[in-house]
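Student: Please see the structure below; I have some questions.
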Amino acid sequence: MSPVLPPGLRPGGRFGEWEARPTAFVACDLDGTFLGPDERPRPEALAAARRAMLAGVRFSFATGRLPSGIPLALVEGTGADGPHIAHNGAQVLAGSVPGLDALWPLDDGQVGALAVLCADLGLYGEFYQGSQLLVTHLDRRAEPSWRAVTGPPDTLLSDRSSGAAIAKATLIAFDPIDSDAALHAARALGVTAEVSTAPIFPGALIINVTAPGVSKGSALSHVLRMLDVPASSAVAIGDGLNDLTMFDLVGTAVAMSEAPDVVHRHAHLVAPTGDGVAVALRALLGE
């Protein structure tokens, strides 16, 4: 029997294998999904998230941002209880569930190799060490992110004190570059490297780098296992290539309409432009 399409949504590439189930957990991407280009959530999405939690659904944000880049006002506005996933899966923030904090950092050898790669390819690199932002060099083109997400850099990577764990690196090419070659070069170092996008950096190549095997999907798998929630009862909503590991894990994967075709192909369902998160949550909760 063919699945019944929820109202307001359209089929994704994997719709034929989708099975409607009660939703127990939602993992929602931030940039380009819950947040628009103006860095603000739509009121409809906030309200839909609150209603989901009132219905007993646990709501989590899953982002490439550092923990402080998850706006406190957003967490309070939704009542999102987490656990939240930061640094593209390198860190789990327990939220309302004590004992679920986790970190899977890069090692010093990987950090050093990434610094060399940035110098060789002319990339700007950001390295996240606890609450500190370390950069390969100062590049004023990164200021939109400093203002909106991270705050200004704390120090240069070359001045880093050894031993402190670095959760994730973000490599950015503001100038034209062979994106496939850059991604291949990063992956050749043995790390997990995924291309991402950010509305505040239109046209830039962004490569998020985490330790081997670390992704949003691996962190979400850890969270669901610790909470004893079946992956088949989980929903992931996103718009980027770095969301695909979550899509491949959960029972319901929802892509945003503006997402690349490859994201649509990995999704069961596609949400409309505009209030896509709200439409998806309402449909999946049977409102």
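Just so we're on the same page: first chain in the structure tokens is A, next is B, and so on; residues restart at 1 for each chain, and ligands are numbered from 1 in the order they show up.
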Give me, as a list in words, all polymer residues having an atom no more than 7 Å from region 125-141 of chain A, counting only C-alpha atoms and skipping those fewer than 5 positions away in the same chain.
Tutor: Ala115, Cys118, Pro153, Asp154, Thr155, Leu156, Leu157, Ala164, Ala165, Ile166, Ala167, Lys168, Ala169, Thr170, Leu171 and Ile172 of chain A
Student: Write a file of the just-selected residues containing N, CA and C atoms, as a CSV table (one decimal), in the first residue's frame.
Tutor:
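Once written, result.csv looks like this:
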```
chain,number,residue,atom,x,y,z
A,115,ALA,N,45.3,23.0,9.6
A,115,ALA,CA,45.9,24.3,9.6
A,115,ALA,C,46.8,24.4,8.3
A,118,CYS,N,44.6,24.7,5.2
A,118,CYS,CA,44.1,26.1,5.0
A,118,CYS,C,45.2,27.0,4.4
A,153,PRO,N,36.9,36.5,17.1
A,153,PRO,CA,37.9,35.5,17.5
A,153,PRO,C,38.6,35.8,18.8
A,154,ASP,N,38.9,34.8,19.5
A,154,ASP,CA,39.6,34.9,20.8
A,154,ASP,C,41.1,35.0,20.6
A,155,THR,N,41.6,34.2,19.6
A,155,THR,CA,43.1,34.2,19.4
A,155,THR,C,43.3,33.5,18.1
A,156,LEU,N,44.6,33.6,17.6
A,156,LEU,CA,45.0,32.8,16.4
A,156,LEU,C,45.2,31.3,16.8
A,157,LEU,N,45.0,30.5,15.9
A,157,LEU,CA,45.2,29.0,16.1
A,157,LEU,C,46.7,28.8,16.5
A,164,ALA,N,44.0,21.4,25.0
A,164,ALA,CA,42.5,21.7,25.1
A,164,ALA,C,41.9,21.2,23.8
A,165,ALA,N,40.7,20.5,24.0
A,165,ALA,CA,40.1,19.8,22.9
A,165,ALA,C,39.4,20.8,21.9
A,166,ILE,N,39.6,20.5,20.6
A,166,ILE,CA,38.9,21.3,19.6
A,166,ILE,C,37.8,20.4,19.0
A,167,ALA,N,36.6,20.9,19.1
A,167,ALA,CA,35.4,20.1,18.8
A,167,ALA,C,35.3,20.0,17.3
A,168,LYS,N,35.4,21.1,16.6
A,168,LYS,CA,35.1,21.1,15.1
A,168,LYS,C,35.9,22.2,14.5
A,169,ALA,N,36.2,22.1,13.2
A,169,ALA,CA,36.8,23.2,12.4
A,169,ALA,C,35.8,23.5,11.3
A,170,THR,N,35.8,24.8,10.9
A,170,THR,CA,35.0,25.2,9.7
A,170,THR,C,36.0,25.9,8.8
A,171,LEU,N,36.1,25.4,7.6
A,171,LEU,CA,37.0,25.9,6.6
A,171,LEU,C,36.2,26.7,5.5
A,172,ILE,N,36.5,27.9,5.2
A,172,ILE,CA,35.7,28.7,4.3
A,172,ILE,C,36.6,29.3,3.2
```
Student: Region 225-268 of chain A near region 281-285 of chain A within 12 Å: what's each residue's closest atom pair and its distance in Å to one decimal, counting only C-alpha atoms, ordered by chain then ascending residue number, as JSON lines?
Tutor:
```
{"residue": "A:Ser233", "atom": "CA", "partner": "A:Leu284", "partner_atom": "CA", "distance": 11.1}
{"residue": "A:Ala234", "atom": "CA", "partner": "A:Leu284", "partner_atom": "CA", "distance": 10.9}
{"residue": "A:Val235", "atom": "CA", "partner": "A:Leu284", "partner_atom": "CA", "distance": 9.0}
{"residue": "A:Ala236", "atom": "CA", "partner": "A:Leu281", "partner_atom": "CA", "distance": 10.7}
{"residue": "A:Ile237", "atom": "CA", "partner": "A:Leu281", "partner_atom": "CA", "distance": 9.5}
{"residue": "A:Gly251", "atom": "CA", "partner": "A:Leu284", "partner_atom": "CA", "distance": 11.7}
{"residue": "A:Thr252", "atom": "CA", "partner": "A:Leu284", "partner_atom": "CA", "distance": 9.2}
{"residue": "A:Ala253", "atom": "CA", "partner": "A:Leu284", "partner_atom": "CA", "distance": 11.1}
{"residue": "A:Val254", "atom": "CA", "partner": "A:Leu281", "partner_atom": "CA", "distance": 9.9}
```
Student: Counting only C-alpha atoms, which residue out of A:Val149, A:Val26, A:Ala186, A:Ala219 sits closest to Met53 (chain A)?
Tutor: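 Closest residue, counting only C-alpha atoms: A:Val26.
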Student: Identify all residues of region 169-218 of chain A in strand (DSSP E) (DSSP on the backbone) and supply them as a ChimeraX atom specification.
Tutor: /A:169-173,192-196,205-210
Student: Keeping only C-alpha atoms, take the residues you just selected and write them out as a PDB file, in the first residue's frame.
Tutor:
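Result written to again.pdb:
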```
ATOM      1  CA  ALA A 169      36.770  23.167  12.417  1.00  0.00           C
ATOM      2  CA  THR A 170      35.046  25.202   9.723  1.00  0.00           C
ATOM      3  CA  LEU A 171      37.027  25.924   6.570  1.00  0.00           C
ATOM      4  CA  ILE A 172      35.721  28.718   4.347  1.00  0.00           C
ATOM      5  CA  ALA A 173      36.719  29.682   0.819  1.00  0.00           C
ATOM      6  CA  THR A 192      34.785  13.723   8.478  1.00  0.00           C
ATOM      7  CA  ALA A 193      34.364  16.653   6.087  1.00  0.00           C
ATOM      8  CA  GLU A 194      30.993  17.863   4.825  1.00  0.00           C
ATOM      9  CA  VAL A 195      30.030  20.777   2.626  1.00  0.00           C
ATOM     10  CA  SER A 196      27.547  23.165   4.183  1.00  0.00           C
ATOM     11  CA  LEU A 205      32.377  27.235   0.068  1.00  0.00           C
ATOM     12  CA  ILE A 206      32.010  26.017   3.654  1.00  0.00           C
ATOM     13  CA  ILE A 207      33.486  22.718   4.815  1.00  0.00           C
ATOM     14  CA  ASN A 208      32.682  21.520   8.318  1.00  0.00           C
ATOM     15  CA  VAL A 209      35.276  19.145   9.753  1.00  0.00           C
ATOM     16  CA  THR A 210      34.815  16.786  12.684  1.00  0.00           C
TER      17      THR A 210
END
```
Student: Tell me which protein, DNA and RNA residues are within 10 Å of Arg51 (chain A), counting only C-alpha atoms, leaving out same-chain ones fewer than 3 positions away, and put them as a list in words.
Tutor: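 Contacts, with the query itself left out: Ala45, Leu46, Ala47, Ala48, Leu54, Ala55, Gly56, Val57, Thr78, Gly79, Leu281, Arg282, Leu285 and Glu287 of chain A.
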Student: Tell me which protein, DNA and RNA residues are within 10 Å of Pro212 (chain A), counting only C-alpha atoms, leaving out same-chain ones fewer than 2 positions away, and put them as a ChimeraX atom specification.
Tutor: /A:104-106,110,187,189-193,209-210,214-215
Student: Go ahead and dump the residues you just picked, N, CA and C atoms, as a CSV table (one decimal), in the first residue's frame.
Tutor:
```csv
chain,number,residue,atom,x,y,z
A,104,TRP,N,33.1,14.6,21.1
A,104,TRP,CA,34.0,13.8,20.2
A,104,TRP,C,34.9,14.7,19.4
A,105,PRO,N,36.0,15.1,20.0
A,105,PRO,CA,36.8,16.2,19.4
A,105,PRO,C,37.8,15.7,18.4
A,106,LEU,N,38.4,16.6,17.6
A,106,LEU,CA,39.5,16.4,16.7
A,106,LEU,C,40.8,16.2,17.6
A,110,GLN,N,45.2,16.0,13.7
A,110,GLN,CA,44.2,16.4,12.8
A,110,GLN,C,44.1,18.0,12.7
A,187,ARG,N,39.1,15.4,3.3
A,187,ARG,CA,38.8,14.0,3.6
A,187,ARG,C,40.0,13.1,3.6
A,189,LEU,N,42.6,13.6,4.9
A,189,LEU,CA,43.3,13.7,6.2
A,189,LEU,C,42.7,12.7,7.2
A,190,GLY,N,41.7,12.0,6.8
A,190,GLY,CA,41.1,11.0,7.6
A,190,GLY,C,40.0,11.5,8.5
A,191,VAL,N,39.5,12.7,8.3
A,191,VAL,CA,38.5,13.3,9.1
A,191,VAL,C,37.2,13.2,8.4
A,192,THR,N,36.1,13.6,9.1
A,192,THR,CA,34.8,13.7,8.5
A,192,THR,C,34.7,15.2,8.0
A,193,ALA,N,34.5,15.3,6.7
A,193,ALA,CA,34.4,16.7,6.1
A,193,ALA,C,33.1,16.7,5.2
A,209,VAL,N,34.4,20.3,9.5
A,209,VAL,CA,35.3,19.1,9.8
A,209,VAL,C,35.1,18.7,11.2
A,210,THR,N,34.9,17.4,11.4
A,210,THR,CA,34.8,16.8,12.7
A,210,THR,C,35.7,15.5,12.7
A,214,VAL,N,32.2,11.2,13.0
A,214,VAL,CA,31.4,12.1,13.8
A,214,VAL,C,30.5,13.0,12.8
A,215,SER,N,29.2,13.0,13.0
A,215,SER,CA,28.3,13.8,12.2
A,215,SER,C,27.0,14.0,13.0
```
Student: I need the residues in region 2-239 of chain A that are helix (DSSP H, G or I) according to DSSP; give them as number ranges by chain.
Tutor: A: 15-17, 43-54, 67-69, 72-78, 87-89, 108-121, 140-150, 157-159, 179-187, 216-227, 231-233
Student: Skipping near chain neighbours, those fewer than 6 positions away, what residues fall within 6 Å of Phe61 (chain A) using only C-alpha atoms, listed as a list in words?
Tutor: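 So, after excluding close chain neighbours, the residues are Ala27, Cys28, Asp29 and His84 of chain A.
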Student: Can you pull out every residue within 12 Å of Thr63 (chain A), counting only C-alpha atoms, but drop anything in the same chain fewer than 6 positions away, and send it as a PDB file with C-alpha atoms, in the first residue's frame?
Tutor:
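Full text of around.pdb as output:
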```pdb
ATOM      1  CA  ALA A  27      15.763  17.033  15.479  1.00  0.00           C
ATOM      2  CA  CYS A  28      15.613  20.335  13.618  1.00  0.00           C
ATOM      3  CA  ASP A  29      18.419  22.128  11.819  1.00  0.00           C
ATOM      4  CA  LEU A  30      18.807  25.844  12.529  1.00  0.00           C
ATOM      5  CA  ASP A  31      20.224  27.886   9.628  1.00  0.00           C
ATOM      6  CA  GLY A  32      18.003  27.782   6.567  1.00  0.00           C
ATOM      7  CA  THR A  33      15.468  25.605   8.387  1.00  0.00           C
ATOM      8  CA  PHE A  34      14.221  26.959  11.718  1.00  0.00           C
ATOM      9  CA  LEU A  35      15.997  30.275  11.153  1.00  0.00           C
ATOM     10  CA  GLY A  69      25.449  29.888  18.701  1.00  0.00           C
ATOM     11  CA  ILE A  70      22.154  28.245  19.659  1.00  0.00           C
ATOM     12  CA  PRO A  71      20.269  31.389  20.728  1.00  0.00           C
ATOM     13  CA  PRO A  83      19.308  17.258  24.075  1.00  0.00           C
ATOM     14  CA  HIS A  84      20.724  19.590  21.439  1.00  0.00           C
ATOM     15  CA  ILE A  85      23.388  18.708  18.881  1.00  0.00           C
ATOM     16  CA  ALA A  86      26.121  21.270  18.189  1.00  0.00           C
ATOM     17  CA  HIS A  87      29.317  21.400  16.131  1.00  0.00           C
ATOM     18  CA  ASN A  88      27.854  19.171  13.406  1.00  0.00           C
ATOM     19  CA  GLY A  89      27.543  16.310  15.852  1.00  0.00           C
ATOM     20  CA  ALA A  90      30.816  16.712  17.727  1.00  0.00           C
ATOM     21  CA  GLN A  91      29.016  17.825  20.879  1.00  0.00           C
ATOM     22  CA  VAL A  92      25.757  16.925  22.591  1.00  0.00           C
ATOM     23  CA  LEU A  93      24.252  19.355  25.087  1.00  0.00           C
ATOM     24  CA  VAL A 149      26.906  33.533  15.867  1.00  0.00           C
ATOM     25  CA  LYS A 168      35.129  21.137  15.145  1.00  0.00           C
ATOM     26  CA  SER A 196      27.547  23.165   4.183  1.00  0.00           C
ATOM     27  CA  THR A 197      25.906  26.487   3.397  1.00  0.00           C
ATOM     28  CA  ALA A 198      25.146  29.610   5.398  1.00  0.00           C
ATOM     29  CA  ASN A 208      32.682  21.520   8.318  1.00  0.00           C
ATOM     30  CA  SER A 215      28.294  13.754  12.204  1.00  0.00           C
ATOM     31  CA  LYS A 216      24.845  15.020  13.099  1.00  0.00           C
ATOM     32  CA  GLY A 217      23.616  11.506  12.437  1.00  0.00           C
ATOM     33  CA  ALA A 219      25.223  12.300  17.573  1.00  0.00           C
ATOM     34  CA  LEU A 220      21.501  11.820  16.990  1.00  0.00           C
ATOM     35  CA  ALA A 236      14.734  15.128  11.215  1.00  0.00           C
ATOM     36  CA  ILE A 237      14.104  18.448   9.458  1.00  0.00           C
ATOM     37  CA  GLY A 238      16.874  20.154   7.497  1.00  0.00           C
ATOM     38  CA  ASP A 239      18.096  21.779   4.321  1.00  0.00           C
ATOM     39  CA  GLY A 240      21.791  20.934   4.028  1.00  0.00           C
ATOM     40  CA  LEU A 241      24.173  18.192   3.023  1.00  0.00           C
ATOM     41  CA  ASN A 242      25.246  17.961   6.654  1.00  0.00           C
ATOM     42  CA  ASP A 243      21.698  16.840   7.501  1.00  0.00           C
ATOM     43  CA  MET A 246      20.260  12.322  10.160  1.00  0.00           C
TER      44      MET A 246
END
```
